[in-house]
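S.K.: Below is the file entry-v8.cif, with mmCIF, C-alpha atoms.
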```cif
data_protein
loop_
_atom_site.group_PDB
_atom_site.id
_atom_site.type_symbol
_atom_site.label_atom_id
_atom_site.label_comp_id
_atom_site.auth_asym_id
_atom_site.auth_seq_id
_atom_site.Cartn_x
_atom_site.Cartn_y
_atom_site.Cartn_z
ATOM 1 C CA MET O 2 41.742 -22.194 62.003
ATOM 2 C CA PRO O 3 39.531 -20.571 59.493
ATOM 3 C CA SER O 4 36.679 -18.818 60.948
ATOM 4 C CA GLU O 5 33.339 -20.060 59.707
ATOM 5 C CA THR O 6 30.692 -17.572 59.043
ATOM 6 C CA PRO O 7 27.769 -18.313 61.180
ATOM 7 C CA MET O 8 24.718 -19.535 59.304
ATOM 8 C CA ARG O 9 22.618 -16.650 60.539
ATOM 9 C CA ASP O 10 25.133 -14.246 58.905
ATOM 10 C CA ARG O 11 25.411 -16.212 55.639
ATOM 11 C CA TYR O 12 21.738 -16.360 54.837
ATOM 12 C CA PRO O 13 21.267 -12.651 54.694
ATOM 13 C CA THR O 14 24.264 -12.342 52.325
ATOM 14 C CA ILE O 15 23.000 -15.062 50.050
ATOM 15 C CA LEU O 16 19.554 -13.626 50.098
ATOM 16 C CA ARG O 17 20.917 -10.178 49.380
ATOM 17 C CA LEU O 18 22.987 -11.488 46.432
ATOM 18 C CA THR O 19 19.995 -13.378 45.110
ATOM 19 C CA ARG O 20 17.915 -10.273 45.242
ATOM 20 C CA VAL O 21 20.591 -8.416 43.322
ATOM 21 C CA LYS O 22 20.791 -11.192 40.778
ATOM 22 C CA ARG O 23 17.031 -11.321 40.537
ATOM 23 C CA ALA O 24 16.878 -7.595 40.052
ATOM 24 C CA SER O 25 19.570 -7.791 37.384
ATOM 25 C CA LEU O 26 17.836 -10.646 35.641
ATOM 26 C CA THR O 27 14.520 -8.843 35.814
ATOM 27 C CA ALA O 28 16.112 -5.722 34.407
ATOM 28 C CA LEU O 29 17.794 -7.711 31.646
ATOM 29 C CA ALA O 30 14.543 -9.469 30.829
ATOM 30 C CA LEU O 31 12.732 -6.178 30.769
ATOM 31 C CA VAL O 32 15.352 -4.696 28.474
ATOM 32 C CA ALA O 33 15.094 -7.767 26.240
ATOM 33 C CA VAL O 34 11.323 -7.599 26.123
ATOM 34 C CA LEU O 35 11.284 -3.878 25.508
ATOM 35 C CA GLY O 36 14.048 -4.284 22.952
ATOM 36 C CA GLY O 37 12.006 -6.969 21.273
ATOM 37 C CA PHE O 38 8.973 -4.732 21.154
ATOM 38 C CA ALA O 39 11.085 -1.896 19.825
ATOM 39 C CA ALA O 40 12.593 -4.161 17.185
ATOM 40 C CA CYS O 41 9.150 -5.340 16.152
ATOM 41 C CA ALA O 42 7.819 -1.809 16.089
ATOM 42 C CA SER O 43 10.737 -0.482 14.051
ATOM 43 C CA LYS O 44 10.959 -3.467 11.701
ATOM 44 C CA PRO O 45 10.064 -2.006 8.317
ATOM 45 C CA LYS O 46 7.167 -3.512 6.451
ATOM 46 C CA PRO O 47 8.442 -5.328 3.353
ATOM 47 C CA THR O 48 8.238 -3.208 0.256
ATOM 48 C CA LEU O 49 6.235 -4.281 -2.774
ATOM 49 C CA GLU O 50 9.523 -5.167 -4.470
ATOM 50 C CA GLN O 51 10.643 -7.319 -1.541
ATOM 51 C CA ARG O 52 7.276 -9.068 -1.402
ATOM 52 C CA ALA O 53 7.382 -9.694 -5.141
ATOM 53 C CA GLU O 54 10.841 -11.218 -4.837
ATOM 54 C CA THR O 55 9.790 -13.436 -1.923
ATOM 55 C CA GLU O 56 6.654 -14.634 -3.691
ATOM 56 C CA ILE O 57 8.514 -15.365 -6.918
ATOM 57 C CA GLN O 58 11.185 -17.357 -5.110
ATOM 58 C CA ALA O 59 8.465 -19.300 -3.284
ATOM 59 C CA TYR O 60 6.727 -20.025 -6.568
ATOM 60 C CA LYS O 61 9.973 -21.235 -8.103
ATOM 61 C CA ALA O 62 10.339 -23.604 -5.173
ATOM 62 C CA GLN O 63 6.775 -24.781 -5.736
ATOM 63 C CA ILE O 64 7.536 -25.446 -9.399
ATOM 64 C CA GLU O 65 10.579 -27.506 -8.426
ATOM 65 C CA LYS O 66 8.498 -29.446 -5.932
ATOM 66 C CA THR O 67 5.573 -30.009 -8.280
ATOM 67 C CA VAL O 68 7.331 -30.748 -11.567
ATOM 68 C CA ALA O 69 9.355 -33.900 -11.134
ATOM 69 C CA ASP O 70 11.306 -33.573 -14.359
ATOM 70 C CA PRO O 71 14.188 -31.137 -13.683
ATOM 71 C CA ALA O 72 14.466 -30.079 -17.316
ATOM 72 C CA ARG O 73 10.813 -29.049 -17.513
ATOM 73 C CA ALA O 74 10.993 -27.402 -14.104
ATOM 74 C CA HIS O 75 13.991 -25.396 -15.253
ATOM 75 C CA GLN O 76 12.155 -24.256 -18.390
ATOM 76 C CA LEU O 77 9.120 -23.281 -16.350
ATOM 77 C CA ILE O 78 11.268 -21.264 -13.975
ATOM 78 C CA ALA O 79 12.859 -19.483 -16.937
ATOM 79 C CA ALA O 80 9.343 -18.804 -18.255
ATOM 80 C CA LEU O 81 8.430 -17.359 -14.859
ATOM 81 C CA ASP O 82 11.304 -14.880 -15.151
ATOM 82 C CA ASP O 83 10.003 -13.866 -18.576
ATOM 83 C CA TRP O 84 6.530 -13.610 -17.117
ATOM 84 C CA GLU O 85 7.742 -11.292 -14.367
ATOM 85 C CA ARG O 86 9.469 -9.118 -16.954
ATOM 86 C CA ILE O 87 6.249 -8.813 -18.971
ATOM 87 C CA VAL O 88 4.234 -7.881 -15.887
ATOM 88 C CA ARG O 89 6.739 -5.182 -14.938
ATOM 89 C CA GLN O 90 6.879 -3.853 -18.487
ATOM 90 C CA ALA O 91 3.074 -3.748 -18.644
ATOM 91 C CA ALA O 92 2.828 -1.918 -15.321
ATOM 92 C CA SER O 93 5.509 0.547 -16.365
ATOM 93 C CA MET O 94 3.869 1.068 -19.755
ATOM 94 C CA ALA O 95 0.472 1.725 -18.163
ATOM 95 C CA GLN O 96 1.953 4.104 -15.597
ATOM 96 C CA ASP O 97 3.727 6.107 -18.267
ATOM 97 C CA TYR O 98 0.629 6.093 -20.467
ATOM 98 C CA ARG O 99 -1.582 7.372 -17.668
ATOM 99 C CA ALA O 100 0.867 10.126 -16.829
ATOM 100 C CA LYS O 101 0.924 11.247 -20.471
ATOM 101 C CA LEU O 102 -2.871 11.150 -20.610
ATOM 102 C CA GLN O 103 -3.106 13.250 -17.470
ATOM 103 C CA THR O 104 -0.788 15.778 -19.057
ATOM 104 C CA LEU O 105 -3.018 15.910 -22.149
ATOM 105 C CA ASP O 106 -6.159 16.105 -20.007
ATOM 106 C CA ALA O 107 -4.746 19.074 -18.132
ATOM 107 C CA ASP O 108 -3.738 20.832 -21.346
ATOM 108 C CA TYR O 109 -6.616 23.014 -22.516
ATOM 109 C CA SER O 110 -5.115 23.291 -25.986
ATOM 110 C CA ALA O 111 -4.452 19.554 -26.442
ATOM 111 C CA THR O 112 -5.699 18.324 -29.803
ATOM 112 C CA ARG O 113 -7.540 15.179 -30.836
ATOM 113 C CA ASP O 114 -4.496 14.292 -32.918
ATOM 114 C CA ALA O 115 -2.334 14.334 -29.819
ATOM 115 C CA TYR O 116 -4.702 11.867 -28.135
ATOM 116 C CA ALA O 117 -4.831 9.696 -31.262
ATOM 117 C CA ALA O 118 -1.038 9.556 -31.472
ATOM 118 C CA LEU O 119 -0.754 8.524 -27.833
ATOM 119 C CA PHE O 120 -3.434 5.847 -28.284
ATOM 120 C CA ARG O 121 -1.676 4.440 -31.352
ATOM 121 C CA GLN O 122 1.603 4.209 -29.476
ATOM 122 C CA HIS O 123 -0.034 2.610 -26.455
ATOM 123 C CA ASP O 124 -2.060 0.125 -28.503
ATOM 124 C CA ALA O 125 1.057 -1.025 -30.361
ATOM 125 C CA GLN O 126 2.976 -1.577 -27.106
ATOM 126 C CA ARG O 127 -0.015 -3.353 -25.630
ATOM 127 C CA ALA O 128 -0.428 -5.656 -28.645
ATOM 128 C CA ALA O 129 3.225 -6.692 -28.410
ATOM 129 C CA LEU O 130 2.900 -7.512 -24.709
ATOM 130 C CA ILE O 131 -0.326 -9.455 -25.284
ATOM 131 C CA GLN O 132 1.444 -11.621 -27.848
ATOM 132 C CA GLN O 133 4.266 -12.301 -25.416
ATOM 133 C CA ALA O 134 1.835 -13.130 -22.612
ATOM 134 C CA LEU O 135 -0.121 -15.515 -24.835
ATOM 135 C CA ALA O 136 3.075 -17.223 -25.955
ATOM 136 C CA LEU O 137 4.255 -17.670 -22.372
ATOM 137 C CA ARG O 138 0.960 -19.159 -21.255
ATOM 138 C CA SER O 139 1.096 -21.512 -24.209
ATOM 139 C CA GLN O 140 4.630 -22.493 -23.215
ATOM 140 C CA ALA O 141 3.489 -23.135 -19.648
ATOM 141 C CA THR O 142 0.678 -25.435 -20.795
ATOM 142 C CA SER O 143 3.054 -27.423 -22.978
ATOM 143 C CA LEU O 144 5.563 -27.817 -20.150
ATOM 144 C CA THR O 145 3.075 -29.157 -17.605
ATOM 145 C CA THR O 146 0.854 -32.170 -17.248
ATOM 146 C CA ASP O 147 -2.804 -31.751 -16.334
ATOM 147 C CA ALA O 148 -2.046 -32.543 -12.708
ATOM 148 C CA GLU O 149 0.920 -30.158 -12.533
ATOM 149 C CA TRP O 150 -1.115 -27.416 -14.186
ATOM 150 C CA GLU O 151 -3.889 -27.833 -11.651
ATOM 151 C CA GLN O 152 -1.415 -27.592 -8.783
ATOM 152 C CA LEU O 153 0.451 -24.602 -10.145
ATOM 153 C CA LYS O 154 -2.347 -22.501 -11.566
ATOM 154 C CA GLN O 155 -3.887 -21.392 -8.283
ATOM 155 C CA ALA O 156 -0.713 -19.764 -6.936
ATOM 156 C CA ARG O 157 -0.935 -16.050 -6.293
ATOM 157 C CA LEU O 158 1.785 -13.501 -6.874
ATOM 158 C CA THR O 159 -0.089 -10.828 -4.980
ATOM 159 C CA ALA O 160 2.654 -8.212 -5.157
ATOM 160 C CA LEU O 161 2.709 -8.376 -8.959
ATOM 161 C CA GLU O 162 -1.091 -8.297 -8.982
ATOM 162 C CA GLU O 163 -0.959 -5.146 -6.847
ATOM 163 C CA MET O 164 1.459 -3.549 -9.306
ATOM 164 C CA LEU O 165 -0.997 -4.233 -12.110
ATOM 165 C CA ASP O 166 -4.066 -3.197 -10.125
ATOM 166 C CA ALA O 167 -2.421 0.063 -9.112
ATOM 167 C CA VAL O 168 -2.173 1.147 -12.724
ATOM 168 C CA SER O 169 -5.250 -0.559 -14.146
ATOM 169 C CA THR O 170 -7.966 1.093 -12.097
ATOM 170 C CA PRO O 171 -9.063 4.391 -13.567
ATOM 171 C CA MET W 19 -0.412 -20.990 -14.513
ATOM 172 C CA LEU W 20 -0.975 -18.029 -12.259
ATOM 173 C CA ILE W 21 -4.563 -17.384 -13.239
ATOM 174 C CA ALA W 22 -5.020 -14.343 -11.039
ATOM 175 C CA THR W 23 -1.855 -12.614 -12.212
ATOM 176 C CA LEU W 24 -2.542 -13.326 -15.856
ATOM 177 C CA THR W 25 -6.119 -12.120 -15.459
ATOM 178 C CA ALA W 26 -4.853 -8.945 -13.812
ATOM 179 C CA LEU W 27 -2.500 -8.434 -16.743
ATOM 180 C CA TYR W 28 -5.277 -8.802 -19.301
ATOM 181 C CA LEU W 29 -7.502 -6.502 -17.287
ATOM 182 C CA LEU W 30 -4.694 -3.978 -17.346
ATOM 183 C CA PHE W 31 -4.434 -4.292 -21.131
ATOM 184 C CA TRP W 32 -8.129 -3.716 -21.318
ATOM 185 C CA SER W 33 -8.545 -0.999 -18.710
ATOM 186 C CA SER W 34 -5.557 1.010 -19.840
ATOM 187 C CA SER W 35 -7.727 1.998 -22.756
ATOM 188 C CA SER W 36 -9.717 4.171 -20.404
ATOM 189 C CA THR W 37 -8.622 7.691 -19.643
ATOM 190 C CA PRO W 38 -7.634 9.300 -16.347
ATOM 191 C CA LEU W 39 -10.338 11.849 -17.026
ATOM 192 C CA MET W 40 -12.542 9.165 -15.549
ATOM 193 C CA SER W 41 -10.753 9.327 -12.225
ATOM 194 C CA ASN W 42 -11.689 11.715 -9.444
ATOM 195 C CA LEU W 43 -14.939 12.743 -11.071
ATOM 196 C CA ASP W 44 -16.242 13.823 -7.680
ATOM 197 C CA GLN W 45 -13.359 16.286 -7.508
ATOM 198 C CA VAL W 46 -14.015 17.456 -11.057
ATOM 199 C CA GLU W 47 -17.651 18.079 -10.169
ATOM 200 C CA LYS W 48 -16.718 20.042 -7.045
ATOM 201 C CA ARG W 49 -14.195 22.137 -8.939
ATOM 202 C CA ILE W 50 -16.711 22.933 -11.665
ATOM 203 C CA LYS W 51 -19.217 24.065 -9.042
ATOM 204 C CA ALA W 52 -16.551 26.162 -7.363
ATOM 205 C CA ASN W 53 -14.964 27.726 -10.428
ATOM 206 C CA VAL W 54 -17.607 28.129 -13.134
ATOM 207 C CA GLU W 55 -19.696 31.148 -12.245
ATOM 208 C CA ASP W 56 -21.917 31.168 -15.316
ATOM 209 C CA ALA W 57 -24.905 29.024 -14.324
ATOM 210 C CA ALA W 58 -25.805 27.840 -17.822
ATOM 211 C CA ARG W 59 -22.289 26.712 -18.679
ATOM 212 C CA ARG W 60 -21.849 25.215 -15.219
ATOM 213 C CA GLU W 61 -24.979 23.107 -15.725
ATOM 214 C CA GLN W 62 -23.791 21.996 -19.158
ATOM 215 C CA ALA W 63 -20.425 20.997 -17.742
ATOM 216 C CA LEU W 64 -22.014 19.042 -14.901
ATOM 217 C CA GLN W 65 -24.210 17.154 -17.357
ATOM 218 C CA ILE W 66 -21.118 16.121 -19.303
ATOM 219 C CA VAL W 67 -19.481 14.922 -16.095
ATOM 220 C CA ASP W 68 -22.626 12.892 -15.382
ATOM 221 C CA ARG W 69 -22.194 11.158 -18.711
ATOM 222 C CA MET W 70 -18.573 10.443 -17.824
ATOM 223 C CA GLU W 71 -19.784 8.912 -14.574
ATOM 224 C CA ASP W 72 -22.217 6.728 -16.495
ATOM 225 C CA ALA W 73 -19.338 5.514 -18.653
ATOM 226 C CA ASN W 74 -17.366 4.868 -15.463
ATOM 227 C CA LYS W 75 -20.145 2.726 -13.990
ATOM 228 C CA ALA W 76 -20.476 0.765 -17.214
ATOM 229 C CA TYR W 77 -16.708 0.261 -17.133
ATOM 230 C CA TRP W 78 -16.794 -1.331 -13.685
ATOM 231 C CA THR W 79 -19.714 -3.596 -14.539
ATOM 232 C CA GLN W 80 -17.943 -4.776 -17.661
ATOM 233 C CA ARG W 81 -14.663 -5.198 -15.787
ATOM 234 C CA GLU W 82 -16.191 -7.608 -13.272
ATOM 235 C CA LYS W 83 -17.720 -9.715 -16.026
ATOM 236 C CA ALA W 84 -14.477 -9.682 -17.993
ATOM 237 C CA ALA W 85 -12.468 -10.754 -14.935
ATOM 238 C CA LYS W 86 -14.658 -13.821 -14.422
ATOM 239 C CA SER W 87 -14.739 -14.916 -18.046
ATOM 240 C CA LEU W 88 -11.005 -14.351 -18.554
ATOM 241 C CA ALA W 89 -10.074 -16.203 -15.360
ATOM 242 C CA ALA W 90 -12.142 -19.203 -16.451
ATOM 243 C CA LEU W 91 -10.495 -19.290 -19.872
ATOM 244 C CA ILE W 92 -6.984 -18.764 -18.549
ATOM 245 C CA GLY W 93 -7.395 -21.451 -15.891
ATOM 246 C CA ASN W 94 -8.484 -24.062 -18.408
ATOM 247 C CA ARG W 95 -5.336 -25.750 -19.676
ATOM 248 C CA ALA W 96 -7.124 -26.745 -22.870
ATOM 249 C CA THR W 97 -7.769 -23.129 -23.884
ATOM 250 C CA GLN W 98 -5.668 -22.395 -26.940
ATOM 251 C CA PRO W 99 -4.113 -18.943 -27.588
ATOM 252 C CA PRO W 100 -6.518 -18.153 -30.476
ATOM 253 C CA ALA W 101 -9.487 -18.792 -28.184
ATOM 254 C CA LEU W 102 -8.019 -16.560 -25.514
ATOM 255 C CA LYS W 103 -7.270 -13.862 -28.061
ATOM 256 C CA SER W 104 -10.793 -14.178 -29.451
ATOM 257 C CA ALA W 105 -12.145 -13.539 -25.972
ATOM 258 C CA LEU W 106 -9.847 -10.605 -25.384
ATOM 259 C CA ASP W 107 -10.273 -8.853 -28.731
ATOM 260 C CA PRO W 108 -13.945 -7.839 -28.256
ATOM 261 C CA LEU W 109 -13.075 -6.489 -24.807
ATOM 262 C CA LEU W 110 -10.268 -4.400 -26.267
ATOM 263 C CA ALA W 111 -12.521 -3.198 -29.082
ATOM 264 C CA ASP W 112 -15.162 -2.206 -26.550
ATOM 265 C CA ALA W 113 -12.548 -0.421 -24.455
ATOM 266 C CA SER W 114 -11.407 1.531 -27.502
ATOM 267 C CA ARG W 115 -14.995 2.548 -28.143
ATOM 268 C CA VAL W 116 -15.395 3.769 -24.554
ATOM 269 C CA ARG W 117 -12.070 5.573 -24.826
ATOM 270 C CA ALA W 118 -13.226 7.397 -27.941
ATOM 271 C CA GLN W 119 -16.493 8.268 -26.206
ATOM 272 C CA LEU W 120 -14.600 9.710 -23.238
ATOM 273 C CA VAL W 121 -12.334 11.761 -25.456
ATOM 274 C CA ASP W 122 -15.448 13.149 -27.162
ATOM 275 C CA LEU W 123 -16.843 14.068 -23.747
ATOM 276 C CA ARG W 124 -13.516 15.639 -22.830
ATOM 277 C CA PHE W 125 -13.711 17.931 -25.868
ATOM 278 C CA GLN W 126 -17.370 18.683 -25.193
ATOM 279 C CA LEU W 127 -16.368 19.729 -21.701
ATOM 280 C CA LYS W 128 -13.615 21.896 -23.107
ATOM 281 C CA SER W 129 -16.135 23.635 -25.370
ATOM 282 C CA VAL W 130 -18.128 24.883 -22.389
ATOM 283 C CA LEU W 131 -15.201 25.945 -20.169
ATOM 284 C CA THR W 132 -12.717 28.775 -20.529
ATOM 285 C CA ALA W 133 -8.977 28.115 -20.348
ATOM 286 C CA ASN W 134 -8.821 29.510 -16.829
ATOM 287 C CA GLU W 135 -11.731 27.401 -15.660
ATOM 288 C CA TRP W 136 -10.134 24.346 -17.262
ATOM 289 C CA ALA W 137 -6.893 24.965 -15.398
ATOM 290 C CA ALA W 138 -8.812 25.142 -12.141
ATOM 291 C CA VAL W 139 -10.811 21.976 -12.843
ATOM 292 C CA PHE W 140 -7.893 19.933 -14.192
ATOM 293 C CA PRO W 141 -4.730 21.031 -12.396
ATOM 294 C CA PRO W 142 -1.554 19.806 -14.105
ATOM 295 C CA PRO W 143 -0.200 16.482 -12.839
ATOM 296 C CA LYS W 144 2.521 16.741 -10.218
ATOM 297 C CA VAL W 145 4.707 14.101 -11.835
ATOM 298 C CA ALA W 146 6.078 14.550 -15.337
ATOM 299 C CA PRO W 147 5.316 11.631 -17.699
ATOM 300 C CA SER W 148 8.940 10.684 -18.115
ATOM 301 C CA ALA W 149 9.352 10.424 -14.354
ATOM 302 C CA GLY W 150 6.070 8.609 -13.949
ATOM 303 C CA ALA W 151 7.285 5.208 -15.012
ATOM 304 C CA LYS W 152 8.878 4.138 -11.795
ATOM 305 C CA VAL W 153 8.084 0.482 -12.013
ATOM 306 C CA LYS W 154 11.295 -1.479 -12.200
ATOM 307 C CA VAL W 155 11.553 -3.192 -15.551
ATOM 308 C CA ALA W 156 15.004 -4.722 -15.373
ATOM 309 C CA ARG W 157 14.955 -8.434 -15.820
ATOM 310 C CA ARG W 158 15.996 -10.513 -12.879
ATOM 311 C CA GLY W 159 18.422 -13.343 -13.074
ATOM 312 C CA THR W 160 17.316 -16.887 -12.529
ATOM 313 C CA GLU W 161 18.927 -17.265 -9.150
ATOM 314 C CA GLY W 162 17.247 -19.965 -7.201
ATOM 315 C CA SER W 163 16.527 -21.930 -10.338
ATOM 316 C CA ARG W 164 17.996 -25.261 -11.132
ATOM 317 C CA SER W 165 21.178 -25.346 -13.060
#
```
For the file at hand, write its structure as structure tokens.

M.R.:
Amino acid sequence: MPSETPMRDRYPTILRLTRVKRASLTALALVAVLGGFAACASKPKPTLEQRAETEIQAYKAQIEKTVADPARAHQLIAALDDWERIVRQAASMAQDYRAKLQTLDADYSATRDAYAALFRQHDAQRAALIQQALALRSQATSLTTDAEWEQLKQARLTALEEMLDAVSTP
Amino acid sequence: MLIATLTALYLLFWSSSSTPLMSNLDQVEKRIKANVEDAARREQALQIVDRMEDANKAYWTQREKAAKSLAALIGNRATQPPALKSALDPLLADASRVRAQLVDLRFQLKSVLTANEWAAVFPPPKVAPSAGAKVKVARRGTEGSRS
């Protein structure tokens, strides 16, 4: 005949196991919470490049949602890629230009001709990019209706704006 | 589309006509005070820096006005490229004028400083020009676009 554990003996065991389980669960929860905090704390802030990519993808999605005609939406998305390329080229051009100017500024023996040559080069690059930017805007207006234009024009690509601002402020 | 980004681009085209001599003028002033012992030349140099600061202030005033007018034109779908270019051209011409003025001031400043003083006031940049252009230019694919 199996011996039954008296109730008075079982309760303490159950209670003791529950306490152990509770302690384990509490510890696990604590580890999870602390781990979560640690993960949040160590999660790197997105870089400018990553933000730019995210914003561009979101804008492409907005174009697809706003422009019902797939062919026009596709052309607009292609124009957006061209637009991004122009922005990056402009930022790179300005950064390089500023660095060259700083080198001239620091050079006591720099001549006016050296400045003039740099300005000519910069102005020519700038004129080419302006033409491309004007053409792309023109393309965007022809690919959208008034309503689509109004919906799409207010979007912000803040990461690209930051790239431009970083090199445009003196 | 993308009024703010396009405006920022045009402002870059415009503002890149300015010169980095305009930046850190407070530092330039401090370095002149610290490194130019001759009082008369020091005063002359500081007056030139004041004129650079005036040009800097005028730049910022003009930049704010330009940002508003360009954003309005860019946002209007009916604005044709010639109209936009007509609005941009005077800004670029004005920027070139300011640039020339700043270069003149730069050479005036040079005329009152010795080479050693110049080196102390305008230390060489830490990054070489060729290494300065770090902005990624490579074109992305059209992933995520419709096929």

S.K.: So what do you get for CA of Thr159 in chain O versus CA of Ala80 in chain O, distance-wise?

M.R.: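 It comes out at 18.1 Å.
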
S.K.: Which neighbours of range 125-133 of chain O fall inside 8 Å, counting only C-alpha atoms, when residues of the same chain fewer than 6 positions from it are skipped, and could you give them as a list in words?

M.R.: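 Listed by chain and then number, they are Ile87, Ala91 and Met94 of chain O; Tyr28 and Phe31 of chain W.
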
S.K.: Which residues are near Gln119 in chain W? Cut-off 10 Å, all atoms listed in the file, ignore same chain within fewer than 6 positions. Put them as a ChimeraX atom specification.

M.R.: /W:36,69-70,73,113

S.K.: For Tyr98 in chain O, which residue among O:Arg52, O:Arg86, O:Arg121, O:Lys154 is the nearest when counting all atoms listed in the file?

M.R.: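 Checking each of O:Arg52, O:Arg86, O:Arg121, O:Lys154 against Tyr98 in chain O, counting all atoms listed in the file, the winner is O:Arg121.
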
S.K.: I would like the residues chosen by the PyMOL selection byres ((chain O) within 6 of (chain W)) on the shown file; could you give them as an NGL selection string?

M.R.: :O and (75 or 86 or 89-90 or 93 or 96-97 or 100-101 or 107 or 135 or 153-156 or 162 or 169 or 171)

S.K.: Could you work out how far CA of Thr67 in chain O lies from CA of Ala148 in chain O, giving the answer in Å with one decimal?

M.R.: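 Pair CA of Ala148 in chain O / CA of Thr67 in chain O returns 9.2 Å.
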
S.K.: Given the point (-21.7, 21.4, -18.8) in the file's coordinates, find the residues that have an atom at most 10 Å from it, counting only C-alpha atoms, and give them as JSON, numbers by chain.

M.R.: {"W": [50, 54, 57, 58, 59, 60, 61, 62, 63, 64, 65, 66, 67, 68, 126, 127, 128, 129, 130, 131]}

S.K.: Determine the nearest neighbour of Ala160 in chain O from the options O:Glu85, O:Leu77, O:Gln140, O:Ala69, counting all atoms listed in the file.

M.R.: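 Comparing O:Glu85, O:Leu77, O:Gln140, O:Ala69 against Ala160 in chain O, the winner is O:Glu85.
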
S.K.: Padding of 3 Å on every side, edges along x, y and z, all listed atoms of range 114-118 of chain O included: what centre and edge lengths in Å, to one decimal, does that box have, as JSON?

M.R.:
```
{"center_x": -2.9, "center_y": 11.9, "center_z": -30.5, "size_x": 9.8, "size_y": 10.8, "size_z": 10.8}
```

S.K.: Just give me the gap between CA of Glu56 in chain O and CA of Asp83 in chain O in Å, one decimal is fine.

M.R.: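 Spanning CA of Glu56 in chain O to CA of Asp83 in chain O is a straight-line distance of 15.3 Å.
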
S.K.: Residues within 12 Å of Ala118 in chain O, please, as an NGL selection string. Count only C-alpha atoms; anything in the same chain fewer than 5 positions from it doesn't count.

M.R.: :O and (98 or 101-102 or 105 or 111-113 or 123-125)
